[in-house]
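One structure is given below, encoded as structure tokens.
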Amino acid sequence: MERRSLRAARLATFTYFVLNGTLLGMWIVQIPSIERRVGISHAVLGGFLLLLGAGAFVGMRAAGPAADRLGTRTVVPASAALCSAALVLPGLATGPWTLAVALAVLGFGNGCLDVSMNAHAVEVEKAYGRPVMSAFHATFSVGGVLAALAGAATAGWSWSPAATLGTAAVLGLVVSGCAAPGLLPSRTAPAADGDGGAGPGGPGTGGAAPARIWFLAVLALLIMLCEGVANDWSVLHLRTVLGASDSAAAFAYGAFAAAMTVGRLLADRVSARFGPAAILRYGAAVAALGLSAAALSPWIPLALAGWGLFGAGLSGCVPQLFSAAGHADDSAAGANVSRVAGLGYLGMLAGPALIGWLTHLVPLNLAFFLPVACCVAAVAAAGVLRPQLSMP
């Protein structure tokens with residue numbers, strides 16, 4: 001493959017990761033305005049967010065096999081266009097039921113884009129012959145920053161949620177189409193065997209995936225459970241346990257997110273030198289140490305440092321798992337990524353809820369030892385990534 005075409009494919013993949021982060025972020029920054037507009041309580045909104053997650057899970061499960069059958073060059077732009085168009089729906093919602101449907105559709109589009117762009121990222125990584133997956137995940141966070149800046153600007157201009165999300169949707173559709181020519185050419189799935197299948201777990205059979213794929217999926221669940229805990233509980237930890245002000249408490253998530261972004265930008269080079277198993281083993285160990293320090297610290301600065309270490313440790317773990325799943329079987333790369341991403345996404349949804357339940361039994365800071373245990377389990381199981389990726 002020409003080096004120029006490969007660089008174009010990598011740039012296109014970066015574009016779709018940034019786009020996904022931006023689209024999801026645009027919805028997030030509009031949540032308070034939309035909640036007031038449709039007149040629902042925080043409790044009802046929480047239930048609707050589960051619909052968003054359910055839609056994403058269904059989209060992930062659908063997009064993986066579709067990418068294997070039709071090729072990521074077809075599925076990625078289509079998923080990006082669907083996610084972009086669906087973004088305007090929450091802004092147009094006039095009541096609880098219309099918002100519920102809008103979030104389910106948006107979640108479906110987001111899930112399709114998430115899995116298909118990761119499947120294409122695996123193809124780009126194979127073509128490069130070295131790890132590049134973590135950098136793609138880092139640019140997803142860049143999209144969130146862009147969304148925050150755009151949301152702040154449109155709020156200052158007194159734009160309505162419909163105008164803000166509608167504009168973002170149109171721009172998303174434009175970007176979806178413009179980036180598509182840079183994607184790698186679609187590969188044809190292997191022909192069916194004599195029994196009419198494509199082999200165990202292949203796209204033509206819908207058969208069971210190898211046990212190793214489900215093991216990777218369980219590890220993704222454990223790691224993404226930890227990420228979900230940081231997203232939803234880090235700020236509340238500093239505010240309620242350590243008595244920090246609202247502004248100081250916000251730095252807990254800021255430290256986590258910033259460390260995760262920087263870590264993902266560096267993880268590819270570390271993985272190329274030491275291997276993906278080392279990223280998972282030592283990253284999860286650092287994460288366990290960081291969260292333990294945050295949970296036990298009586299001082300705000302040490303707690304902030306702990307949350308930062310937690311983000312740095314987790315930063316490279318999930319990309320290694322996605323990459324390993326995609327490299328396991330060329331004919332079912334999309335389906336395997338969807339299995340790992342789907343179960344991981346369930347972990348991200350379940351983690352915050354489990355912590356909330358545990359707070360009925362133990363103090364919040366002690367409840368954090370559940371994700372610490374998840375990190376320890378990942379350390380013990382990191383050997384599943386020990387064989388190096390098979391790349392051309």
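Residue numbering restarts at 1 for every chain of the structure tokens, chains are lettered A, B, ... in their displayed order, and ligands are numbered from 1 as they appear.
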Mind checking which residues fall within 10 Å of Val384 of chain A, counting only C-alpha atoms, ignoring those fewer than 2 positions away in the same chain, and posting them as a PDB file with all heavy atoms, in the first residue's frame?
ATOM      1  N   ARG A 212     -10.967 -16.838  23.974  1.00  0.00           N
ATOM      2  CA  ARG A 212     -10.042 -15.724  24.208  1.00  0.00           C
ATOM      3  C   ARG A 212     -10.724 -14.380  23.975  1.00  0.00           C
ATOM      4  O   ARG A 212     -10.452 -13.400  24.678  1.00  0.00           O
ATOM      5  CB  ARG A 212      -8.819 -15.853  23.302  1.00  0.00           C
ATOM      6  CG  ARG A 212      -7.775 -14.746  23.516  1.00  0.00           C
ATOM      7  CD  ARG A 212      -6.491 -15.062  22.766  1.00  0.00           C
ATOM      8  NE  ARG A 212      -5.483 -14.039  22.992  1.00  0.00           N
ATOM      9  CZ  ARG A 212      -5.314 -12.972  22.216  1.00  0.00           C
ATOM     10  NH1 ARG A 212      -6.094 -12.806  21.144  1.00  0.00           N
ATOM     11  NH2 ARG A 212      -4.371 -12.089  22.483  1.00  0.00           N
ATOM     12  N   ILE A 213     -11.617 -14.306  22.988  1.00  0.00           N
ATOM     13  CA  ILE A 213     -12.320 -13.046  22.713  1.00  0.00           C
ATOM     14  C   ILE A 213     -13.202 -12.673  23.893  1.00  0.00           C
ATOM     15  O   ILE A 213     -13.240 -11.506  24.324  1.00  0.00           O
ATOM     16  CB  ILE A 213     -13.157 -13.161  21.424  1.00  0.00           C
ATOM     17  CG1 ILE A 213     -12.252 -13.404  20.206  1.00  0.00           C
ATOM     18  CG2 ILE A 213     -14.002 -11.906  21.213  1.00  0.00           C
ATOM     19  CD1 ILE A 213     -11.249 -12.294  19.958  1.00  0.00           C
ATOM     20  N   PHE A 215     -12.743 -13.586  26.915  1.00  0.00           N
ATOM     21  CA  PHE A 215     -11.848 -13.230  28.019  1.00  0.00           C
ATOM     22  C   PHE A 215     -11.410 -11.771  27.879  1.00  0.00           C
ATOM     23  O   PHE A 215     -11.383 -11.013  28.866  1.00  0.00           O
ATOM     24  CB  PHE A 215     -10.640 -14.156  28.019  1.00  0.00           C
ATOM     25  CG  PHE A 215      -9.850 -14.125  29.297  1.00  0.00           C
ATOM     26  CD1 PHE A 215     -10.368 -14.654  30.458  1.00  0.00           C
ATOM     27  CD2 PHE A 215      -8.579 -13.566  29.326  1.00  0.00           C
ATOM     28  CE1 PHE A 215      -9.639 -14.633  31.651  1.00  0.00           C
ATOM     29  CE2 PHE A 215      -7.851 -13.532  30.506  1.00  0.00           C
ATOM     30  CZ  PHE A 215      -8.380 -14.070  31.668  1.00  0.00           C
ATOM     31  N   LEU A 216     -11.078 -11.358  26.654  1.00  0.00           N
ATOM     32  CA  LEU A 216     -10.753  -9.954  26.405  1.00  0.00           C
ATOM     33  C   LEU A 216     -11.943  -9.058  26.722  1.00  0.00           C
ATOM     34  O   LEU A 216     -11.780  -7.951  27.262  1.00  0.00           O
ATOM     35  CB  LEU A 216     -10.332  -9.764  24.940  1.00  0.00           C
ATOM     36  CG  LEU A 216      -9.027 -10.424  24.505  1.00  0.00           C
ATOM     37  CD1 LEU A 216      -8.874 -10.319  22.992  1.00  0.00           C
ATOM     38  CD2 LEU A 216      -7.835  -9.788  25.211  1.00  0.00           C
ATOM     39  N   LEU A 219     -12.221  -8.538  30.423  1.00  0.00           N
ATOM     40  CA  LEU A 219     -11.216  -7.568  30.850  1.00  0.00           C
ATOM     41  C   LEU A 219     -11.634  -6.148  30.482  1.00  0.00           C
ATOM     42  O   LEU A 219     -11.435  -5.204  31.259  1.00  0.00           O
ATOM     43  CB  LEU A 219      -9.868  -7.892  30.222  1.00  0.00           C
ATOM     44  CG  LEU A 219      -9.133  -9.098  30.801  1.00  0.00           C
ATOM     45  CD1 LEU A 219      -7.877  -9.415  29.987  1.00  0.00           C
ATOM     46  CD2 LEU A 219      -8.769  -8.850  32.259  1.00  0.00           C
ATOM     47  N   PRO A 276       1.867  -5.231  24.455  1.00  0.00           N
ATOM     48  CA  PRO A 276       0.570  -4.867  25.021  1.00  0.00           C
ATOM     49  C   PRO A 276       0.320  -5.448  26.398  1.00  0.00           C
ATOM     50  O   PRO A 276      -0.376  -4.852  27.221  1.00  0.00           O
ATOM     51  CB  PRO A 276      -0.427  -5.408  23.999  1.00  0.00           C
ATOM     52  CG  PRO A 276       0.314  -6.481  23.250  1.00  0.00           C
ATOM     53  CD  PRO A 276       1.735  -6.017  23.216  1.00  0.00           C
ATOM     54  N   ALA A 277       0.887  -6.624  26.691  1.00  0.00           N
ATOM     55  CA  ALA A 277       0.682  -7.216  28.013  1.00  0.00           C
ATOM     56  C   ALA A 277       1.266  -6.329  29.102  1.00  0.00           C
ATOM     57  O   ALA A 277       0.692  -6.190  30.187  1.00  0.00           O
ATOM     58  CB  ALA A 277       1.299  -8.612  28.069  1.00  0.00           C
ATOM     59  N   LEU A 280      -1.092  -3.422  29.845  1.00  0.00           N
ATOM     60  CA  LEU A 280      -2.224  -3.802  30.686  1.00  0.00           C
ATOM     61  C   LEU A 280      -1.774  -4.104  32.112  1.00  0.00           C
ATOM     62  O   LEU A 280      -2.392  -3.630  33.074  1.00  0.00           O
ATOM     63  CB  LEU A 280      -2.935  -5.017  30.081  1.00  0.00           C
ATOM     64  CG  LEU A 280      -4.158  -5.521  30.855  1.00  0.00           C
ATOM     65  CD1 LEU A 280      -5.216  -4.440  30.986  1.00  0.00           C
ATOM     66  CD2 LEU A 280      -4.756  -6.757  30.176  1.00  0.00           C
ATOM     67  N   LEU A 321      -6.877  -3.963  24.355  1.00  0.00           N
ATOM     68  CA  LEU A 321      -7.883  -5.026  24.286  1.00  0.00           C
ATOM     69  C   LEU A 321      -8.641  -4.973  22.962  1.00  0.00           C
ATOM     70  O   LEU A 321      -8.880  -6.012  22.330  1.00  0.00           O
ATOM     71  CB  LEU A 321      -8.854  -4.895  25.461  1.00  0.00           C
ATOM     72  CG  LEU A 321      -8.219  -5.049  26.853  1.00  0.00           C
ATOM     73  CD1 LEU A 321      -9.237  -4.703  27.942  1.00  0.00           C
ATOM     74  CD2 LEU A 321      -7.689  -6.461  27.050  1.00  0.00           C
ATOM     75  N   ALA A 324      -6.252  -6.221  20.234  1.00  0.00           N
ATOM     76  CA  ALA A 324      -6.080  -7.678  20.266  1.00  0.00           C
ATOM     77  C   ALA A 324      -7.295  -8.395  19.691  1.00  0.00           C
ATOM     78  O   ALA A 324      -7.167  -9.387  18.965  1.00  0.00           O
ATOM     79  CB  ALA A 324      -5.823  -8.135  21.700  1.00  0.00           C
ATOM     80  N   ALA A 378      -7.182  -7.437  36.478  1.00  0.00           N
ATOM     81  CA  ALA A 378      -6.600  -7.192  35.157  1.00  0.00           C
ATOM     82  C   ALA A 378      -5.090  -7.426  35.177  1.00  0.00           C
ATOM     83  O   ALA A 378      -4.519  -7.947  34.207  1.00  0.00           O
ATOM     84  CB  ALA A 378      -6.915  -5.770  34.704  1.00  0.00           C
ATOM     85  N   ALA A 380      -3.541  -9.591  37.026  1.00  0.00           N
ATOM     86  CA  ALA A 380      -3.348 -11.039  37.051  1.00  0.00           C
ATOM     87  C   ALA A 380      -3.617 -11.679  35.696  1.00  0.00           C
ATOM     88  O   ALA A 380      -3.010 -12.706  35.356  1.00  0.00           O
ATOM     89  CB  ALA A 380      -4.260 -11.654  38.111  1.00  0.00           C
ATOM     90  N   ALA A 381      -4.532 -11.084  34.917  1.00  0.00           N
ATOM     91  CA  ALA A 381      -4.941 -11.701  33.650  1.00  0.00           C
ATOM     92  C   ALA A 381      -4.222 -11.116  32.438  1.00  0.00           C
ATOM     93  O   ALA A 381      -4.522 -11.502  31.304  1.00  0.00           O
ATOM     94  CB  ALA A 381      -6.452 -11.524  33.472  1.00  0.00           C
ATOM     95  N   ALA A 382      -3.276 -10.211  32.642  1.00  0.00           N
ATOM     96  CA  ALA A 382      -2.639  -9.514  31.522  1.00  0.00           C
ATOM     97  C   ALA A 382      -1.904 -10.450  30.582  1.00  0.00           C
ATOM     98  O   ALA A 382      -1.655 -10.088  29.413  1.00  0.00           O
ATOM     99  CB  ALA A 382      -1.693  -8.441  32.052  1.00  0.00           C
ATOM    100  N   ARG A 386       0.038 -11.487  26.058  1.00  0.00           N
ATOM    101  CA  ARG A 386       1.477 -11.667  25.931  1.00  0.00           C
ATOM    102  C   ARG A 386       1.925 -11.958  24.505  1.00  0.00           C
ATOM    103  O   ARG A 386       2.910 -11.367  24.050  1.00  0.00           O
ATOM    104  CB  ARG A 386       1.961 -12.784  26.867  1.00  0.00           C
ATOM    105  CG  ARG A 386       3.484 -12.892  26.907  1.00  0.00           C
ATOM    106  CD  ARG A 386       3.971 -13.886  27.957  1.00  0.00           C
ATOM    107  NE  ARG A 386       3.678 -13.402  29.316  1.00  0.00           N
ATOM    108  CZ  ARG A 386       2.853 -14.004  30.162  1.00  0.00           C
ATOM    109  NH1 ARG A 386       2.212 -15.107  29.792  1.00  0.00           N
ATOM    110  NH2 ARG A 386       2.654 -13.516  31.356  1.00  0.00           N
ATOM    111  N   PRO A 387       1.257 -12.842  23.745  1.00  0.00           N
ATOM    112  CA  PRO A 387       1.705 -13.049  22.361  1.00  0.00           C
ATOM    113  C   PRO A 387       1.602 -11.748  21.582  1.00  0.00           C
ATOM    114  O   PRO A 387       0.572 -11.058  21.625  1.00  0.00           O
ATOM    115  CB  PRO A 387       0.725 -14.099  21.816  1.00  0.00           C
ATOM    116  CG  PRO A 387       0.221 -14.789  23.050  1.00  0.00           C
ATOM    117  CD  PRO A 387       0.160 -13.748  24.112  1.00  0.00           C
TER     118      PRO A 387
END
Show which residues sit within 9 Å of Tyr16 of chain A, as a ChimeraX atom specification. Count only C-alpha atoms, and ignore same-chain residues fewer than 6 positions away.
/A:76-77,80,113,117,140,175-176,179
Once you have the residues from the selection above, write them out as a PDB file, in the first residue's frame, restricted to C-alpha atoms.
ATOM      1  CA  VAL A  76     -17.933   3.896   9.091  1.00  0.00           C
ATOM      2  CA  PRO A  77     -19.262   6.838   6.999  1.00  0.00           C
ATOM      3  CA  ALA A  80     -21.090   8.632  11.278  1.00  0.00           C
ATOM      4  CA  LEU A 113     -19.812   4.511  14.871  1.00  0.00           C
ATOM      5  CA  MET A 117     -14.289   3.165  13.512  1.00  0.00           C
ATOM      6  CA  PHE A 140     -11.802  10.986  21.020  1.00  0.00           C
ATOM      7  CA  VAL A 175     -17.302  15.747   7.920  1.00  0.00           C
ATOM      8  CA  SER A 176     -18.681  12.200   7.547  1.00  0.00           C
ATOM      9  CA  ALA A 179     -13.420  11.971   5.440  1.00  0.00           C
TER      10      ALA A 179
END
Please provide as an MDAnalysis selection string all residues within 7 Å of segment 27-29 of chain A, with the sequence filter that same-chain residues fewer than 4 positions apart are discarded (counting only C-alpha atoms).
chainID A and resid 23 148 151
Keeping C-alpha atoms for every residue in the selection just given, could you write it to a file as a PDB file, in the first residue's frame?
ATOM      1  CA  LEU A  23     -21.056  14.491  18.738  1.00  0.00           C
ATOM      2  CA  ALA A 148     -17.283  21.849  25.499  1.00  0.00           C
ATOM      3  CA  GLY A 151     -21.327  24.452  23.808  1.00  0.00           C
TER       4      GLY A 151
END
For Gly313 of chain A, please output as a PyMOL selection string all residues within 8 Å (counting only C-alpha atoms; exclusion window: fewer than 3 positions along the same chain).
chain A and resi 260+263+282-287+309-310+316-317
Preceding selection exported with C-alpha atoms as a CSV table (one decimal), in the first residue's frame:
chain,number,residue,atom,x,y,z
A,260,MET,CA,-5.8,9.6,30.4
A,263,GLY,CA,-1.2,8.5,28.5
A,282,TYR,CA,1.6,-2.2,34.7
A,283,GLY,CA,-1.1,0.2,33.7
A,284,ALA,CA,-3.7,-1.6,35.8
A,285,ALA,CA,-1.2,-1.8,38.7
A,286,VAL,CA,-0.6,2.0,38.5
A,287,ALA,CA,-4.4,2.6,38.3
A,309,LEU,CA,-2.5,8.2,38.4
A,310,PHE,CA,-5.8,6.3,38.0
A,316,GLY,CA,-3.6,2.4,27.5
A,317,CYS,CA,-5.5,-0.6,28.6
Taking only C-alpha atoms into account, name the residue in A:Leu289, A:Leu304, A:Ile223, A:Val362 that is nearest to Ala259 of chain A.
A:Leu304
Selected residue of minimal separation from Ser33 of chain A among A:Gly290, A:Pro161, A:Gly172, A:Pro363, counting only C-alpha atoms
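Nearest to Ser33 of chain A: A:Pro161.
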Grab the atom CA of Leu45 of chain A to atom CA of Trp233 of chain A distance for me, in Å with one decimal place.
17.5 Å
Hey, what does DSSP flag as helix (DSSP H, G or I) within segment 20-240 of chain A? Can you give it to me as an MDAnalysis selection string?
chainID A and resid 20:29 31:38 42:70 72:92 96:128 133:156 161:182 211:240
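Pairwise distance (atom CA of Val132 of chain A, atom CA of Ala67 of chain A) equals 20.1 Å.
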Do a neighbour search on Leu87 of chain A at 7 Å with only C-alpha atoms, toss out local chain neighbours closer than 3 positions, and write the hits as an mmCIF file with N, CA, C and O atoms, in the first residue's frame.
data_model
loop_
_atom_site.group_PDB
_atom_site.id
_atom_site.type_symbol
_atom_site.label_atom_id
_atom_site.label_comp_id
_atom_site.auth_asym_id
_atom_site.auth_seq_id
_atom_site.Cartn_x
_atom_site.Cartn_y
_atom_site.Cartn_z
ATOM 1 N N LEU A 23 -19.606 14.705 18.770
ATOM 2 C CA LEU A 23 -21.056 14.491 18.738
ATOM 3 C C LEU A 23 -21.590 14.101 20.111
ATOM 4 O O LEU A 23 -22.605 14.641 20.574
ATOM 5 N N CYS A 83 -25.203 8.853 13.201
ATOM 6 C CA CYS A 83 -24.977 9.468 14.512
ATOM 7 C C CYS A 83 -25.125 10.987 14.426
ATOM 8 O O CYS A 83 -25.699 11.619 15.325
ATOM 9 N N SER A 84 -24.611 11.576 13.348
ATOM 10 C CA SER A 84 -24.723 13.025 13.174
ATOM 11 C C SER A 84 -26.178 13.451 13.040
ATOM 12 O O SER A 84 -26.629 14.401 13.698
ATOM 13 N N PRO A 90 -32.601 14.940 20.137
ATOM 14 C CA PRO A 90 -32.866 15.404 21.514
ATOM 15 C C PRO A 90 -33.208 16.887 21.581
ATOM 16 O O PRO A 90 -34.009 17.306 22.421
ATOM 17 N N LEU A 106 -30.034 8.020 19.071
ATOM 18 C CA LEU A 106 -28.685 8.582 19.167
ATOM 19 C C LEU A 106 -27.708 7.533 19.699
ATOM 20 O O LEU A 106 -26.579 7.407 19.206
ATOM 21 N N LEU A 165 -27.578 21.750 18.400
ATOM 22 C CA LEU A 165 -27.414 20.372 17.965
ATOM 23 C C LEU A 165 -27.668 20.217 16.470
ATOM 24 O O LEU A 165 -27.047 19.376 15.813
ATOM 25 N N ALA A 169 -25.088 18.724 13.880
ATOM 26 C CA ALA A 169 -25.484 17.592 13.043
ATOM 27 C C ALA A 169 -25.118 17.828 11.587
ATOM 28 O O ALA A 169 -24.597 16.931 10.904
#
Name all residues at most 6 Å from segment 365-376 of chain A (count only C-alpha atoms; drop same-chain ones fewer than 3 positions away) and give them as number ranges by chain.
A: 222, 226, 284, 288, 295, 355, 358, 379
Preceding selection exported with N, CA and C atoms as a JSON list (two decimals), in the first residue's frame:
[["chain", "number", "residue", "atom", "x", "y", "z"],
["A", 222, "LEU", "N", -14.08, -4.96, 33.02],
["A", 222, "LEU", "CA", -13.45, -4.57, 34.28],
["A", 222, "LEU", "C", -12.80, -3.19, 34.16],
["A", 226, "CYS", "N", -14.07, 0.73, 35.65],
["A", 226, "CYS", "CA", -13.24, 1.70, 36.37],
["A", 226, "CYS", "C", -13.36, 3.10, 35.76],
["A", 284, "ALA", "N", -2.67, -1.25, 34.79],
["A", 284, "ALA", "CA", -3.70, -1.58, 35.78],
["A", 284, "ALA", "C", -3.14, -1.50, 37.19],
["A", 288, "ALA", "N", -4.57, 0.88, 40.11],
["A", 288, "ALA", "CA", -4.97, 0.40, 41.43],
["A", 288, "ALA", "C", -4.29, 1.20, 42.53],
["A", 295, "ALA", "N", -8.59, 7.12, 47.47],
["A", 295, "ALA", "CA", -9.64, 6.68, 48.39],
["A", 295, "ALA", "C", -9.23, 6.87, 49.85],
["A", 355, "ILE", "N", -21.26, 1.39, 42.45],
["A", 355, "ILE", "CA", -20.71, 2.24, 43.50],
["A", 355, "ILE", "C", -21.84, 2.88, 44.30],
["A", 358, "LEU", "N", -23.19, 0.35, 46.65],
["A", 358, "LEU", "CA", -22.27, 0.05, 47.74],
["A", 358, "LEU", "C", -22.25, 1.14, 48.80],
["A", 379, "VAL", "N", -4.43, -7.05, 36.26],
["A", 379, "VAL", "CA", -3.00, -7.32, 36.40],
["A", 379, "VAL", "C", -2.74, -8.81, 36.31]]
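If you measure from each of A:Leu184, A:Val218, A:Ala303, A:Ala341 to Arg4 of chain A using only C-alpha atoms, the closest one turns out to be A:Leu184.
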